[in-house]
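Enquirer: Got a structure for you, work-v9.cif, holding mmCIF, C-alpha atoms.
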data_query
#
loop_
_atom_site.group_PDB
_atom_site.id
_atom_site.type_symbol
_atom_site.label_atom_id
_atom_site.label_comp_id
_atom_site.auth_asym_id
_atom_site.auth_seq_id
_atom_site.Cartn_x
_atom_site.Cartn_y
_atom_site.Cartn_z
ATOM 1 C CA MET A 259 -28.657 -67.181 -67.698
ATOM 2 C CA THR A 260 -25.651 -68.802 -69.350
ATOM 3 C CA ARG A 261 -24.546 -70.306 -66.033
ATOM 4 C CA LYS A 262 -27.974 -71.816 -65.465
ATOM 5 C CA LEU A 263 -28.098 -73.257 -68.971
ATOM 6 C CA ILE A 264 -24.641 -74.779 -68.659
ATOM 7 C CA THR A 265 -25.571 -76.534 -65.452
ATOM 8 C CA LEU A 266 -28.975 -77.708 -66.604
ATOM 9 C CA GLY A 267 -27.545 -79.151 -69.773
ATOM 10 C CA LEU A 268 -24.574 -80.566 -67.924
ATOM 11 C CA VAL A 269 -26.563 -82.583 -65.432
ATOM 12 C CA ALA A 270 -29.331 -83.667 -67.792
ATOM 13 C CA THR A 271 -26.995 -84.730 -70.553
ATOM 14 C CA LEU A 272 -23.999 -86.088 -68.705
ATOM 15 C CA ALA A 273 -25.950 -88.212 -66.288
ATOM 16 C CA ALA A 274 -26.858 -90.183 -69.387
ATOM 17 C CA ILE A 275 -23.347 -91.590 -69.374
ATOM 18 C CA CYS A 276 -23.956 -93.162 -65.966
ATOM 19 C CA VAL A 277 -24.809 -96.835 -65.571
ATOM 20 C CA PRO A 278 -28.322 -96.432 -64.123
ATOM 21 C CA ALA A 279 -28.799 -100.098 -63.222
ATOM 22 C CA SER A 280 -25.613 -100.259 -61.159
ATOM 23 C CA PHE A 281 -26.379 -96.940 -59.476
ATOM 24 C CA ALA A 282 -29.890 -98.012 -58.514
ATOM 25 C CA ALA A 283 -28.795 -101.431 -57.319
ATOM 26 C CA GLY A 284 -26.015 -99.982 -55.157
ATOM 27 C CA GLU A 285 -23.288 -102.194 -56.620
ATOM 28 C CA SER A 286 -19.755 -101.883 -55.320
ATOM 29 C CA GLY A 287 -17.292 -99.874 -57.373
ATOM 30 C CA SER A 288 -15.517 -102.970 -58.698
ATOM 31 C CA ALA A 289 -18.742 -104.792 -59.563
ATOM 32 C CA ALA A 290 -20.202 -101.760 -61.288
ATOM 33 C CA GLY A 291 -16.995 -101.281 -63.206
ATOM 34 C CA ALA A 292 -17.025 -104.894 -64.356
ATOM 35 C CA ALA A 293 -20.654 -104.618 -65.439
ATOM 36 C CA GLN A 294 -19.871 -101.480 -67.425
ATOM 37 C CA ALA A 295 -16.906 -103.125 -69.087
ATOM 38 C CA ASP A 296 -18.995 -106.152 -70.128
ATOM 39 C CA ALA A 297 -21.979 -104.146 -71.365
ATOM 40 C CA PRO A 298 -22.284 -103.369 -75.092
ATOM 41 C CA GLU A 299 -21.069 -99.898 -75.907
ATOM 42 C CA THR A 300 -23.814 -97.356 -76.551
ATOM 43 C CA ALA A 301 -23.351 -94.258 -78.660
ATOM 44 C CA PRO A 302 -23.036 -91.079 -76.558
ATOM 45 C CA ASP A 303 -26.083 -89.399 -78.120
ATOM 46 C CA VAL A 304 -28.226 -92.484 -77.479
ATOM 47 C CA LEU A 305 -27.196 -92.528 -73.836
ATOM 48 C CA VAL A 306 -27.975 -88.832 -73.556
ATOM 49 C CA ARG A 307 -31.384 -89.183 -75.141
ATOM 50 C CA HIS A 308 -32.459 -92.166 -73.026
ATOM 51 C CA VAL A 309 -31.625 -90.660 -69.650
ATOM 52 C CA THR A 310 -32.305 -86.941 -70.129
ATOM 53 C CA ASP A 311 -36.006 -87.231 -69.299
ATOM 54 C CA GLU A 312 -35.255 -89.259 -66.176
ATOM 55 C CA VAL A 313 -32.718 -86.778 -64.832
ATOM 56 C CA LEU A 314 -34.872 -83.741 -65.586
ATOM 57 C CA ASP A 315 -37.703 -85.452 -63.746
ATOM 58 C CA ILE A 316 -35.464 -85.871 -60.687
ATOM 59 C CA VAL A 317 -34.519 -82.193 -60.722
ATOM 60 C CA ARG A 318 -38.077 -81.074 -61.374
ATOM 61 C CA ASN A 319 -39.617 -83.114 -58.553
ATOM 62 C CA ASP A 320 -36.917 -83.038 -55.900
ATOM 63 C CA LYS A 321 -38.359 -80.691 -53.293
ATOM 64 C CA ALA A 322 -34.981 -80.179 -51.643
ATOM 65 C CA ILE A 323 -33.394 -79.006 -54.905
ATOM 66 C CA GLN A 324 -36.361 -76.780 -55.729
ATOM 67 C CA SER A 325 -36.121 -75.173 -52.292
ATOM 68 C CA GLY A 326 -32.434 -74.388 -52.769
ATOM 69 C CA ASP A 327 -30.862 -77.176 -50.682
ATOM 70 C CA THR A 328 -27.168 -76.881 -51.575
ATOM 71 C CA ARG A 329 -26.288 -80.195 -49.947
ATOM 72 C CA ARG A 330 -28.787 -82.101 -52.100
ATOM 73 C CA VAL A 331 -27.620 -80.308 -55.250
ATOM 74 C CA LEU A 332 -23.991 -81.184 -54.560
ATOM 75 C CA GLU A 333 -24.940 -84.804 -53.844
ATOM 76 C CA LEU A 334 -26.669 -85.058 -57.211
ATOM 77 C CA VAL A 335 -23.744 -83.514 -59.074
ATOM 78 C CA HIS A 336 -21.139 -85.675 -57.321
ATOM 79 C CA GLU A 337 -23.092 -88.892 -57.736
ATOM 80 C CA ARG A 338 -24.397 -88.544 -61.258
ATOM 81 C CA VAL A 339 -22.166 -86.112 -63.129
ATOM 82 C CA LEU A 340 -18.583 -85.727 -61.927
ATOM 83 C CA PRO A 341 -17.452 -89.296 -62.694
ATOM 84 C CA HIS A 342 -18.016 -88.577 -66.372
ATOM 85 C CA PHE A 343 -15.713 -85.580 -66.701
ATOM 86 C CA ASN A 344 -12.012 -85.647 -67.526
ATOM 87 C CA PHE A 345 -11.014 -82.852 -65.168
ATOM 88 C CA SER A 346 -7.300 -83.329 -65.773
ATOM 89 C CA ARG A 347 -7.765 -82.626 -69.454
ATOM 90 C CA MET A 348 -10.143 -79.751 -68.772
ATOM 91 C CA THR A 349 -7.611 -78.156 -66.432
ATOM 92 C CA MET A 350 -4.777 -78.668 -68.899
ATOM 93 C CA LEU A 351 -6.795 -76.974 -71.653
ATOM 94 C CA ALA A 352 -7.804 -74.102 -69.369
ATOM 95 C CA VAL A 353 -4.203 -73.468 -68.275
ATOM 96 C CA GLY A 354 -2.884 -73.758 -71.838
ATOM 97 C CA LYS A 355 0.824 -73.655 -72.657
ATOM 98 C CA ASP A 356 1.812 -73.030 -69.036
ATOM 99 C CA TRP A 357 0.665 -76.547 -68.137
ATOM 100 C CA ARG A 358 3.910 -77.946 -69.563
ATOM 101 C CA GLY A 359 5.893 -76.166 -66.859
ATOM 102 C CA THR A 360 3.907 -77.521 -63.922
ATOM 103 C CA THR A 361 5.035 -80.234 -61.533
ATOM 104 C CA PRO A 362 2.886 -83.327 -60.850
ATOM 105 C CA GLU A 363 1.977 -81.893 -57.449
ATOM 106 C CA GLN A 364 0.887 -78.595 -59.005
ATOM 107 C CA GLN A 365 -1.132 -80.452 -61.620
ATOM 108 C CA THR A 366 -2.979 -82.367 -58.916
ATOM 109 C CA ARG A 367 -3.709 -79.242 -56.873
ATOM 110 C CA LEU A 368 -4.792 -77.328 -59.975
ATOM 111 C CA THR A 369 -7.106 -80.093 -61.122
ATOM 112 C CA ASN A 370 -8.715 -80.484 -57.698
ATOM 113 C CA ALA A 371 -9.129 -76.737 -57.294
ATOM 114 C CA PHE A 372 -10.592 -76.264 -60.780
ATOM 115 C CA ARG A 373 -13.022 -79.144 -60.272
ATOM 116 C CA SER A 374 -14.235 -77.608 -57.014
ATOM 117 C CA LEU A 375 -14.533 -74.206 -58.668
ATOM 118 C CA LEU A 376 -16.735 -75.558 -61.455
ATOM 119 C CA VAL A 377 -18.929 -77.509 -59.049
ATOM 120 C CA ARG A 378 -19.347 -74.603 -56.644
ATOM 121 C CA THR A 379 -19.928 -72.070 -59.423
ATOM 122 C CA TYR A 380 -22.529 -73.947 -61.412
ATOM 123 C CA SER A 381 -24.314 -76.343 -59.051
ATOM 124 C CA ASN A 382 -26.686 -73.874 -57.456
ATOM 125 C CA ALA A 383 -28.149 -73.006 -60.845
ATOM 126 C CA LEU A 384 -29.957 -76.350 -60.655
ATOM 127 C CA THR A 385 -32.276 -74.892 -58.038
ATOM 128 C CA GLN A 386 -33.538 -72.465 -60.710
ATOM 129 C CA TYR A 387 -34.696 -75.207 -63.078
ATOM 130 C CA ARG A 388 -38.387 -75.012 -63.925
ATOM 131 C CA ASP A 389 -39.766 -75.870 -67.366
ATOM 132 C CA GLN A 390 -36.779 -76.038 -69.707
ATOM 133 C CA THR A 391 -36.422 -79.033 -72.007
ATOM 134 C CA ILE A 392 -33.364 -80.438 -73.780
ATOM 135 C CA ASP A 393 -33.371 -81.615 -77.375
ATOM 136 C CA VAL A 394 -30.505 -84.015 -78.136
ATOM 137 C CA LYS A 395 -29.391 -83.999 -81.756
ATOM 138 C CA PRO A 396 -28.327 -87.153 -83.650
ATOM 139 C CA LEU A 397 -24.614 -87.856 -83.335
ATOM 140 C CA ARG A 398 -22.484 -86.988 -86.355
ATOM 141 C CA ALA A 399 -19.396 -89.139 -86.033
ATOM 142 C CA ALA A 400 -17.635 -91.902 -87.912
ATOM 143 C CA ALA A 401 -17.316 -95.414 -86.568
ATOM 144 C CA GLY A 402 -14.176 -95.647 -84.487
ATOM 145 C CA ASP A 403 -13.998 -91.953 -83.613
ATOM 146 C CA ASN A 404 -12.472 -91.466 -80.166
ATOM 147 C CA ARG A 405 -13.577 -87.844 -79.880
ATOM 148 C CA VAL A 406 -17.111 -86.738 -80.578
ATOM 149 C CA LYS A 407 -19.414 -83.778 -80.088
ATOM 150 C CA VAL A 408 -22.924 -84.274 -78.764
ATOM 151 C CA SER A 409 -25.102 -81.320 -79.735
ATOM 152 C CA THR A 410 -28.181 -80.304 -77.760
ATOM 153 C CA GLU A 411 -30.561 -77.376 -77.506
ATOM 154 C CA VAL A 412 -32.109 -76.030 -74.320
ATOM 155 C CA ARG A 413 -35.646 -74.875 -75.007
ATOM 156 C CA GLN A 414 -37.859 -72.672 -72.895
ATOM 157 C CA SER A 415 -41.221 -71.155 -73.686
ATOM 158 C CA GLY A 416 -40.933 -67.610 -75.028
ATOM 159 C CA ALA A 417 -37.185 -67.741 -75.594
ATOM 160 C CA GLN A 418 -34.831 -68.710 -78.405
ATOM 161 C CA PRO A 419 -33.264 -72.174 -78.115
ATOM 162 C CA ILE A 420 -29.746 -72.149 -76.681
ATOM 163 C CA PRO A 421 -27.259 -74.573 -78.286
ATOM 164 C CA ILE A 422 -25.062 -76.542 -75.871
ATOM 165 C CA ASP A 423 -22.423 -78.903 -77.251
ATOM 166 C CA TYR A 424 -20.439 -81.482 -75.298
ATOM 167 C CA SER A 425 -16.958 -82.538 -76.359
ATOM 168 C CA LEU A 426 -16.273 -86.115 -75.263
ATOM 169 C CA GLU A 427 -13.345 -88.461 -75.659
ATOM 170 C CA LYS A 428 -13.264 -92.218 -75.312
ATOM 171 C CA THR A 429 -11.026 -93.459 -72.508
ATOM 172 C CA ALA A 430 -10.373 -96.793 -70.827
ATOM 173 C CA GLN A 431 -13.075 -95.790 -68.326
ATOM 174 C CA GLY A 432 -15.616 -94.907 -71.023
ATOM 175 C CA TRP A 433 -16.693 -91.628 -72.591
ATOM 176 C CA LYS A 434 -15.536 -88.544 -70.678
ATOM 177 C CA VAL A 435 -16.467 -84.905 -71.210
ATOM 178 C CA PHE A 436 -13.619 -82.434 -71.544
ATOM 179 C CA ASP A 437 -15.461 -79.285 -72.629
ATOM 180 C CA VAL A 438 -18.918 -77.723 -72.769
ATOM 181 C CA ILE A 439 -19.703 -75.112 -75.425
ATOM 182 C CA VAL A 440 -22.670 -72.820 -74.772
ATOM 183 C CA ALA A 441 -23.860 -70.708 -77.711
ATOM 184 C CA GLY A 442 -20.407 -71.055 -79.259
ATOM 185 C CA VAL A 443 -18.499 -70.163 -76.078
ATOM 186 C CA SER A 444 -16.208 -72.843 -74.635
ATOM 187 C CA LEU A 445 -16.422 -73.290 -70.872
ATOM 188 C CA VAL A 446 -12.775 -74.345 -70.732
ATOM 189 C CA THR A 447 -11.246 -71.639 -72.932
ATOM 190 C CA ASN A 448 -13.420 -69.046 -71.206
ATOM 191 C CA TYR A 449 -11.176 -69.529 -68.166
ATOM 192 C CA ARG A 450 -7.918 -69.453 -70.131
ATOM 193 C CA GLY A 451 -7.584 -65.673 -70.240
ATOM 194 C CA GLU A 452 -8.214 -65.286 -66.513
ATOM 195 C CA PHE A 453 -5.819 -68.115 -65.671
ATOM 196 C CA GLY A 454 -3.160 -66.630 -67.939
ATOM 197 C CA ASP A 455 -3.401 -63.296 -66.134
ATOM 198 C CA ARG A 456 -3.044 -65.024 -62.757
ATOM 199 C CA ILE A 457 -0.018 -66.996 -63.935
ATOM 200 C CA ARG A 458 1.715 -63.894 -65.301
ATOM 201 C CA ALA A 459 1.114 -62.104 -62.000
ATOM 202 C CA GLY A 460 2.037 -64.864 -59.561
ATOM 203 C CA GLY A 461 3.042 -68.008 -61.409
ATOM 204 C CA ILE A 462 1.319 -71.373 -61.179
ATOM 205 C CA ASP A 463 1.304 -71.261 -57.374
ATOM 206 C CA GLY A 464 -0.388 -67.876 -57.551
ATOM 207 C CA LEU A 465 -3.116 -69.335 -59.771
ATOM 208 C CA ILE A 466 -3.632 -72.262 -57.404
ATOM 209 C CA ALA A 467 -3.862 -69.920 -54.411
ATOM 210 C CA ALA A 468 -6.367 -67.685 -56.217
ATOM 211 C CA ILE A 469 -8.646 -70.611 -57.158
ATOM 212 C CA GLU A 470 -8.463 -72.133 -53.677
ATOM 213 C CA THR A 471 -9.331 -68.761 -52.118
ATOM 214 C CA ARG A 472 -12.326 -68.389 -54.427
ATOM 215 C CA ASN A 473 -13.463 -71.907 -53.527
ATOM 216 C CA LYS A 474 -13.342 -71.062 -49.820
ATOM 217 C CA THR A 475 -15.448 -67.957 -50.469
ATOM 218 C CA LEU A 476 -18.017 -69.952 -52.460
ATOM 219 C CA GLU A 477 -18.108 -72.655 -49.797
ATOM 220 C CA SER A 478 -18.732 -70.051 -47.111
ATOM 221 C CA ARG A 479 -21.592 -68.526 -49.101
ATOM 222 C CA GLN A 480 -23.112 -71.974 -49.607
ATOM 223 C CA GLY A 481 -23.112 -72.755 -45.919
ATOM 224 C CA GLY A 482 -19.944 -74.829 -45.748
ATOM 225 C CA GLN A 483 -21.399 -77.770 -47.660
#
Kindly transcribe the structure held in the file into structure tokens.

Expert:
Amino acid sequence: MTRKLITLGLVATLAAICVPASFAAGESGSAAGAAQADAPETAPDVLVRHVTDEVLDIVRNDKAIQSGDTRRVLELVHERVLPHFNFSRMTMLAVGKDWRGTTPEQQTRLTNAFRSLLVRTYSNALTQYRDQTIDVKPLRAAAGDNRVKVSTEVRQSGAQPIPIDYSLEKTAQGWKVFDVIVAGVSLVTNYRGEFGDRIRAGGIDGLIAAIETRNKTLESRQGGQ
């Protein structure tokens, strides 16, 4: 259940940080980037609120997603969600103090492997979406804050609301998510204990090998998509 809620909230909320007009018009990367840079900045919670209904409608009505099409799910995640995550920061936080001892090459491999792990682990939960709704709370932040938390609740008939918070930081490329907190549990720090055990047993290279092996297993189960 937690995995499904993380993914549902992730896609519905984070797609709000996309630039829908550029995406729909098929602009080139440079043109879209220029349009985003020139556009007035919108508060993260406003972006979330405006686009949540649209994204949930896509998930709800996409027959391929509803039938469990892994390829379509991955396409949606890659196109609408991944550009708005700071995976380098997420990986650094998940690894913790051992990050300082890694080489640039190890950092790149770790980040790529962790990104793939998160995508492979959580994407398929989208196929289980049915009638949940997401309530986006008003943003509580001061003008000029470069780090904010967007709070939401996932609601489903007959169940207690589940709080999901998104930690975002402002970068030169716009707002980026670096953690997701579900019912008080941080997605990033939830991996820290496991990663620490792997590092103590086999060092950073052992952690990388373990994540890459898990990714291959997940890819095989998902039909090599």

Enquirer: Written as number ranges by chain, what is the full residue list that the PyMOL selection byres ((chain A and resi 372) around 12) yields on the file shown?

Expert: A: 344-353, 364-371, 373-379, 446, 449-450, 453, 465-473

Enquirer: Report, in Å to a single decimal, how far apart atom CA of A:Val339 and atom CA of A:Gly402 are.

Expert: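 A separation of 24.7 Å between them.
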
Enquirer: Looking at all atoms listed in the file, which of A:Asp315, A:Lys395, A:Arg413, A:Gln480 is the one that sits closest to A:Val331?

Expert: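 Checking each of A:Asp315, A:Lys395, A:Arg413, A:Gln480 against A:Val331, counting all atoms listed in the file, the winner is A:Gln480.
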
Enquirer: Which is closer to A:Asp393 than all the others in A:Asp303, A:Val443, A:Val438, A:Asn319, using only C-alpha atoms?

Expert: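 Of A:Asp303, A:Val443, A:Val438, A:Asn319, the one nearest A:Asp393 is A:Asp303, counting only C-alpha atoms.
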
Enquirer: Which residue, A:Gly416, A:Gly326, A:Pro396, A:Gly354, has the smallest gap to A:Glu452 when you use all atoms listed in the file?

Expert: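 Under the stated criterion, the closest residue is A:Gly354.
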